[in-house]
file query29.pdb (PDB, C-alpha atoms, pLDDT in the B column)
ATOM      1  CA  MET A   1     276.595  41.579-109.851  1.00 62.00           C
ATOM      2  CA  PRO A   2     273.004  40.441-109.320  1.00 63.00           C
ATOM      3  CA  PRO A   3     271.683  40.065-105.769  1.00 61.00           C
ATOM      4  CA  LYS A   4     272.041  36.654-104.156  1.00 69.00           C
ATOM      5  CA  TYR A   5     268.413  36.783-103.008  1.00 72.00           C
ATOM      6  CA  PRO A   6     265.805  38.368-105.287  1.00 74.00           C
ATOM      7  CA  THR A   7     264.261  41.614-104.085  1.00 76.00           C
ATOM      8  CA  GLU A   8     261.645  43.983-105.432  1.00 80.00           C
ATOM      9  CA  ASP A   9     263.545  47.073-104.272  1.00 78.00           C
ATOM     10  CA  PRO A  10     265.065  48.741-107.376  1.00 75.00           C
ATOM     11  CA  ASN A  11     267.524  50.658-105.146  1.00 77.00           C
ATOM     12  CA  TYR A  12     268.906  47.498-103.534  1.00 74.00           C
ATOM     13  CA  ARG A  13     272.652  47.824-103.013  1.00 72.00           C
ATOM     14  CA  ILE A  14     275.097  45.075-102.353  1.00 69.00           C
ATOM     15  CA  ILE A  15     277.477  45.638 -99.490  1.00 71.00           C
ATOM     16  CA  ARG A  16     280.556  43.548 -99.925  1.00 70.00           C
ATOM     17  CA  ARG A  17     284.182  43.452 -98.939  1.00 71.00           C
ATOM     18  CA  ASP A  18     286.480  45.267-101.280  1.00 74.00           C
ATOM     19  CA  LYS A  19     290.183  45.915-101.032  1.00 80.00           C
ATOM     20  CA  ARG A  20     290.882  49.642-101.074  1.00 78.00           C
ATOM     21  CA  LEU A  21     293.708  51.768 -99.821  1.00 83.00           C
ATOM     22  CA  TYR A  22     292.775  53.456 -96.593  1.00 83.00           C
ATOM     23  CA  THR A  23     293.377  57.123 -97.195  1.00 90.00           C
ATOM     24  CA  HIS A  24     293.779  59.892 -94.654  1.00 92.00           C
ATOM     25  CA  LEU A  25     293.058  63.591 -94.680  1.00 95.00           C
ATOM     26  CA  TYR A  26     295.459  65.813 -92.752  1.00 96.00           C
ATOM     27  CA  PHE A  27     294.447  69.129 -91.244  1.00 96.00           C
ATOM     28  CA  TYR A  28     296.951  71.465 -89.635  1.00 95.00           C
ATOM     29  CA  VAL A  29     295.563  73.484 -86.732  1.00 94.00           C
ATOM     30  CA  ARG A  30     297.099  76.215 -84.571  1.00 92.00           C
ATOM     31  CA  ASP A  31     295.587  76.251 -81.088  1.00 90.00           C
ATOM     32  CA  GLU A  32     296.174  79.113 -78.634  1.00 88.00           C
ATOM     33  CA  VAL A  33     296.930  76.781 -75.715  1.00 86.00           C
ATOM     34  CA  LEU A  34     298.430  73.654 -77.296  1.00 88.00           C
ATOM     35  CA  GLY A  35     300.143  75.330 -80.240  1.00 87.00           C
ATOM     36  CA  PRO A  36     300.497  73.783 -83.681  1.00 91.00           C
ATOM     37  CA  MET A  37     299.062  70.306 -84.183  1.00 93.00           C
ATOM     38  CA  ALA A  38     298.166  67.932 -86.991  1.00 95.00           C
ATOM     39  CA  MET A  39     294.803  66.187 -87.183  1.00 94.00           C
ATOM     40  CA  CYS A  40     294.583  62.987 -89.231  1.00 95.00           C
ATOM     41  CA  VAL A  41     291.087  61.828 -90.271  1.00 95.00           C
ATOM     42  CA  GLY A  42     290.412  58.440 -91.865  1.00 92.00           C
ATOM     43  CA  THR A  43     288.139  58.481 -94.905  1.00 89.00           C
ATOM     44  CA  TYR A  44     286.274  55.221 -94.214  1.00 85.00           C
ATOM     45  CA  LEU A  45     284.067  54.149 -91.328  1.00 83.00           C
ATOM     46  CA  PRO A  46     284.593  54.416 -88.360  1.00 86.00           C
ATOM     47  CA  PHE A  47     286.408  57.669 -89.334  1.00 89.00           C
ATOM     48  CA  LEU A  48     289.286  57.365 -86.885  1.00 92.00           C
ATOM     49  CA  ILE A  49     290.818  60.685 -85.872  1.00 94.00           C
ATOM     50  CA  PHE A  50     294.348  61.126 -84.544  1.00 94.00           C
ATOM     51  CA  TYR A  51     295.881  64.292 -83.145  1.00 91.00           C
ATOM     52  CA  TYR A  52     299.615  64.883 -83.193  1.00 92.00           C
ATOM     53  CA  VAL A  53     300.513  67.535 -80.618  1.00 91.00           C
ATOM     54  CA  ASN A  54     303.970  68.856 -79.768  1.00 88.00           C
ATOM     55  CA  GLY A  55     303.901  69.533 -76.025  1.00 88.00           C
ATOM     56  CA  HIS A  56     306.835  71.972 -76.135  1.00 88.00           C
ATOM     57  CA  HIS A  57     304.553  74.887 -77.014  1.00 88.00           C
ATOM     58  CA  TYR A  58     302.296  74.124 -74.048  1.00 90.00           C
ATOM     59  CA  ILE A  59     305.280  73.784 -71.690  1.00 90.00           C
ATOM     60  CA  GLU A  60     306.718  77.069 -72.961  1.00 90.00           C
ATOM     61  CA  ASN A  61     303.439  78.880 -72.268  1.00 90.00           C
ATOM     62  CA  GLU A  62     303.260  77.384 -68.763  1.00 90.00           C
ATOM     63  CA  LEU A  63     306.828  78.499 -68.007  1.00 90.00           C
ATOM     64  CA  LYS A  64     306.013  82.007 -69.230  1.00 91.00           C
ATOM     65  CA  ARG A  65     302.832  82.090 -67.143  1.00 90.00           C
ATOM     66  CA  LYS A  66     304.757  81.072 -64.000  1.00 89.00           C
ATOM     67  CA  LYS A  67     307.579  83.502 -64.884  1.00 90.00           C
ATOM     68  CA  VAL A  68     310.254  80.799 -64.921  1.00 88.00           C
ATOM     69  CA  ALA A  69     313.453  81.509 -66.838  1.00 90.00           C
ATOM     70  CA  TYR A  70     314.329  79.074 -69.628  1.00 90.00           C
ATOM     71  CA  ARG A  71     316.316  78.920 -72.842  1.00 91.00           C
ATOM     72  CA  LYS A  72     314.849  77.374 -75.962  1.00 89.00           C
ATOM     73  CA  ASP A  73     316.210  76.928 -79.484  1.00 89.00           C
ATOM     74  CA  ASP A  74     313.566  76.122 -82.080  1.00 85.00           C
ATOM     75  CA  ASN A  75     311.873  73.015 -80.622  1.00 84.00           C
ATOM     76  CA  ALA A  76     314.400  72.079 -77.927  1.00 87.00           C
ATOM     77  CA  PHE A  77     314.673  73.315 -74.358  1.00 88.00           C
ATOM     78  CA  LEU A  78     318.355  73.997 -73.732  1.00 89.00           C
ATOM     79  CA  TRP A  79     318.117  75.133 -70.104  1.00 87.00           C
ATOM     80  CA  TRP A  80     315.659  75.676 -67.282  1.00 80.00           C
ATOM     81  CA  PRO A  81     316.264  75.948 -63.536  1.00 82.00           C
ATOM     82  CA  ILE A  82     315.837  72.984 -61.226  1.00 77.00           C
ATOM     83  CA  LEU A  83     312.505  73.590 -59.564  1.00 67.00           C
ATOM     84  CA  ARG A  84     311.865  72.090 -56.155  1.00 66.00           C
ATOM     85  CA  PRO A  85     308.498  71.857 -54.445  1.00 65.00           C
ATOM     86  CA  ALA A  86     308.077  74.336 -51.567  1.00 61.00           C
ATOM     87  CA  SER A  87     308.077  71.474 -49.041  1.00 61.00           C
ATOM     88  CA  ARG A  88     311.596  70.355 -50.105  1.00 59.00           C
ATOM     89  CA  ARG A  89     313.273  73.775 -50.282  1.00 55.00           C
ATOM     90  CA  ARG A  90     316.060  74.708 -47.945  1.00 59.00           C
ATOM     91  CA  PRO A  91     315.337  77.456 -45.411  1.00 58.00           C
ATOM     92  CA  SER A  92     317.744  79.781 -47.247  1.00 56.00           C
ATOM     93  CA  GLU A  93     315.754  79.578 -50.499  1.00 51.00           C
TER
END
call {"tool": "encode", "arguments": {"input": "query29.pdb", "output": "structure tokens"}}
result
Amino acid sequence: MPPKYPTEDPNYRIIRRDKRLYTHLYFYVRDEVLGPMAMCVGTYLPFLIFYYVNGHHYIENELKRKKVAYRKDDNAFLWWPILRPASRRRPSE
């Protein structure tokens, strides 16, 4: 396709709209704090990046750090105690 306006630049490139499938690259990352996550990167400008994080790993680490008992099966929390703020606890607790 010749340029619409003549130019003396031999490296002149035409930028035009073109229908293409927008592809994504997926990277799987294991973070120490957040746990496993998926990162999706678009291959065309503006290179959008999305992170998919499962918060259960983070919650599990926080419960372990605070020494709170819980029961978990795979990716589901089956039981944890009802935690009340110190200001709402009964005197016997």
call {"tool": "resolve_selection", "arguments": {"input": "query29.pdb", "expression": "the PyMOL selection byres ((chain A and resi 50) around 8)", "output": "NGL selection string"}}
result
:A and (39-41 or 48-49 or 51-52)
call {"tool": "closest_residue", "arguments": {"input": "query29.pdb", "among": "A:His24, A:Arg13, A:Arg30, A:Trp79", "to": "Tyr58 (chain A)", "atoms": "only C-alpha atoms"}}
result
A:Arg30
call {"tool": "closest_residue", "arguments": {"input": "query29.pdb", "among": "A:Ile15, A:Arg65, A:Phe47, A:Glu60", "to": "Phe77 (chain A)", "atoms": "all atoms listed in the file"}}
result
A:Glu60
call {"tool": "atom_distance", "arguments": {"input": "query29.pdb", "atom1": "CA of His56 (chain A)", "atom2": "CA of Gly35 (chain A)"}}
result
8.5 Å
call {"tool": "axis_aligned_box", "arguments": {"input": "query29.pdb", "around": "region 51-66 of chain A", "padding_each_side": "4 Å", "output": "AutoDock Vina command-line options"}}
result
--center_x 301.4 --center_y 73.2 --center_z -73.6 --size_x 19.0 --size_y 25.8 --size_z 27.2
call {"tool": "closest_residue", "arguments": {"input": "query29.pdb", "among": "A:Tyr12, A:Lys64, A:His57, A:Lys19", "to": "Leu34 (chain A)", "atoms": "all atoms listed in the file"}}
result
A:His57
call {"tool": "atom_distance", "arguments": {"input": "query29.pdb", "atom1": "CA of Leu21 (chain A)", "atom2": "CA of Gly42 (chain A)"}}
result
10.9 Å
call {"tool": "atom_distance", "arguments": {"input": "query29.pdb", "atom1": "CA of Lys66 (chain A)", "atom2": "CA of Tyr28 (chain A)"}}
result
28.5 Å
call {"tool": "closest_residue", "arguments": {"input": "query29.pdb", "among": "A:Asn75, A:Ala38, A:Val33, A:Ile82", "to": "Glu62 (chain A)", "atoms": "all atoms listed in the file"}}
result
A:Val33
call {"tool": "closest_residue", "arguments": {"input": "query29.pdb", "among": "A:Pro36, A:Lys72, A:Pro6, A:Leu45", "to": "Thr23 (chain A)", "atoms": "only C-alpha atoms"}}
result
A:Leu45
call {"tool": "build_atoms", "arguments": {"input": "query29.pdb", "residues": "region 12-23 of chain A", "atoms": "all heavy atoms", "output": "tab-separated table (two decimals), keeping the file's coordinate frame"}}
result
chain	number	residue	atom	x	y	z
A	12	TYR	N	268.16	48.44	-104.35
A	12	TYR	CA	268.91	47.50	-103.53
A	12	TYR	C	270.39	47.61	-103.86
A	12	TYR	O	270.78	47.63	-105.03
A	12	TYR	CB	268.41	46.07	-103.81
A	12	TYR	CG	269.16	45.01	-103.06
A	12	TYR	CD1	268.89	44.76	-101.73
A	12	TYR	CD2	270.16	44.28	-103.69
A	12	TYR	CE1	269.57	43.79	-101.03
A	12	TYR	CE2	270.85	43.30	-103.00
A	12	TYR	CZ	270.56	43.06	-101.68
A	12	TYR	OH	271.24	42.10	-100.99
A	13	ARG	N	271.20	47.71	-102.82
A	13	ARG	CA	272.65	47.82	-103.01
A	13	ARG	C	273.34	46.66	-102.31
A	13	ARG	O	272.95	46.27	-101.22
A	13	ARG	CB	273.18	49.12	-102.44
A	13	ARG	CG	272.53	50.31	-103.04
A	13	ARG	CD	273.54	51.27	-103.48
A	13	ARG	NE	272.86	52.39	-104.10
A	13	ARG	CZ	273.35	53.03	-105.10
A	13	ARG	NH1	274.49	52.70	-105.60
A	13	ARG	NH2	272.70	54.03	-105.63
A	14	ILE	N	274.34	46.18	-102.93
A	14	ILE	CA	275.10	45.08	-102.35
A	14	ILE	C	276.26	45.67	-101.55
A	14	ILE	O	277.02	46.49	-102.05
A	14	ILE	CB	275.64	44.15	-103.45
A	14	ILE	CG1	274.47	43.53	-104.20
A	14	ILE	CG2	276.55	43.09	-102.87
A	14	ILE	CD1	274.87	42.76	-105.41
A	15	ILE	N	276.34	45.24	-100.31
A	15	ILE	CA	277.48	45.64	-99.49
A	15	ILE	C	278.41	44.44	-99.45
A	15	ILE	O	278.02	43.34	-99.05
A	15	ILE	CB	277.03	46.02	-98.07
A	15	ILE	CG1	276.10	47.22	-98.14
A	15	ILE	CG2	278.24	46.31	-97.19
A	15	ILE	CD1	275.50	47.61	-96.81
A	16	ARG	N	279.61	44.65	-99.89
A	16	ARG	CA	280.56	43.55	-99.92
A	16	ARG	C	281.95	44.04	-99.57
A	16	ARG	O	282.23	45.24	-99.62
A	16	ARG	CB	280.57	42.89	-101.30
A	16	ARG	CG	280.96	43.83	-102.41
A	16	ARG	CD	280.79	43.17	-103.77
A	16	ARG	NE	280.86	44.15	-104.82
A	16	ARG	CZ	281.93	44.37	-105.56
A	16	ARG	NH1	283.03	43.69	-105.37
A	16	ARG	NH2	281.90	45.28	-106.50
A	17	ARG	N	282.79	43.11	-99.22
A	17	ARG	CA	284.18	43.45	-98.94
A	17	ARG	C	284.88	43.83	-100.23
A	17	ARG	O	284.66	43.22	-101.28
A	17	ARG	CB	284.91	42.29	-98.30
A	17	ARG	CG	284.45	41.99	-96.91
A	17	ARG	CD	285.30	40.86	-96.33
A	17	ARG	NE	284.85	40.55	-95.01
A	17	ARG	CZ	285.44	40.99	-93.91
A	17	ARG	NH1	286.50	41.74	-93.99
A	17	ARG	NH2	284.96	40.67	-92.74
A	18	ASP	N	285.73	44.84	-100.12
A	18	ASP	CA	286.48	45.27	-101.28
A	18	ASP	C	287.82	45.81	-100.79
A	18	ASP	O	287.86	46.54	-99.80
A	18	ASP	CB	285.70	46.37	-102.02
A	18	ASP	CG	286.22	46.56	-103.42
A	18	ASP	OD1	287.05	45.77	-103.88
A	18	ASP	OD2	285.78	47.53	-104.06
A	19	LYS	N	288.87	45.44	-101.44
A	19	LYS	CA	290.18	45.92	-101.03
A	19	LYS	C	290.42	47.31	-101.60
A	19	LYS	O	290.41	47.51	-102.81
A	19	LYS	CB	291.27	44.96	-101.49
A	19	LYS	CG	291.25	43.66	-100.75
A	19	LYS	CD	292.45	42.82	-101.09
A	19	LYS	CE	292.41	41.54	-100.28
A	19	LYS	NZ	293.57	40.72	-100.49
A	20	ARG	N	290.59	48.26	-100.70
A	20	ARG	CA	290.88	49.64	-101.07
A	20	ARG	C	291.99	50.15	-100.17
A	20	ARG	O	292.15	49.71	-99.04
A	20	ARG	CB	289.66	50.54	-100.87
A	20	ARG	CG	288.49	50.17	-101.70
A	20	ARG	CD	288.57	50.89	-103.03
A	20	ARG	NE	287.36	50.64	-103.77
A	20	ARG	CZ	287.36	50.32	-105.04
A	20	ARG	NH1	288.47	50.20	-105.69
A	20	ARG	NH2	286.23	50.09	-105.66
A	21	LEU	N	292.72	51.11	-100.66
A	21	LEU	CA	293.71	51.77	-99.82
A	21	LEU	C	292.98	52.69	-98.86
A	21	LEU	O	292.08	53.43	-99.24
A	21	LEU	CB	294.69	52.57	-100.66
A	21	LEU	CG	295.65	51.77	-101.51
A	21	LEU	CD1	296.51	52.71	-102.34
A	21	LEU	CD2	296.53	50.90	-100.64
A	22	TYR	N	293.38	52.61	-97.62
A	22	TYR	CA	292.77	53.46	-96.59
A	22	TYR	C	293.48	54.80	-96.65
A	22	TYR	O	294.65	54.92	-96.35
A	22	TYR	CB	292.96	52.80	-95.22
A	22	TYR	CG	292.20	53.47	-94.13
A	22	TYR	CD1	290.85	53.21	-93.95
A	22	TYR	CD2	292.81	54.37	-93.28
A	22	TYR	CE1	290.14	53.82	-92.93
A	22	TYR	CE2	292.10	54.97	-92.26
A	22	TYR	CZ	290.77	54.70	-92.10
A	22	TYR	OH	290.07	55.30	-91.10
A	23	THR	N	292.76	55.81	-97.07
A	23	THR	CA	293.38	57.12	-97.20
A	23	THR	C	293.08	57.98	-95.97
A	23	THR	O	292.14	57.73	-95.22
A	23	THR	CB	292.88	57.85	-98.46
A	23	THR	OG1	291.46	57.92	-98.39
A	23	THR	CG2	293.29	57.11	-99.71
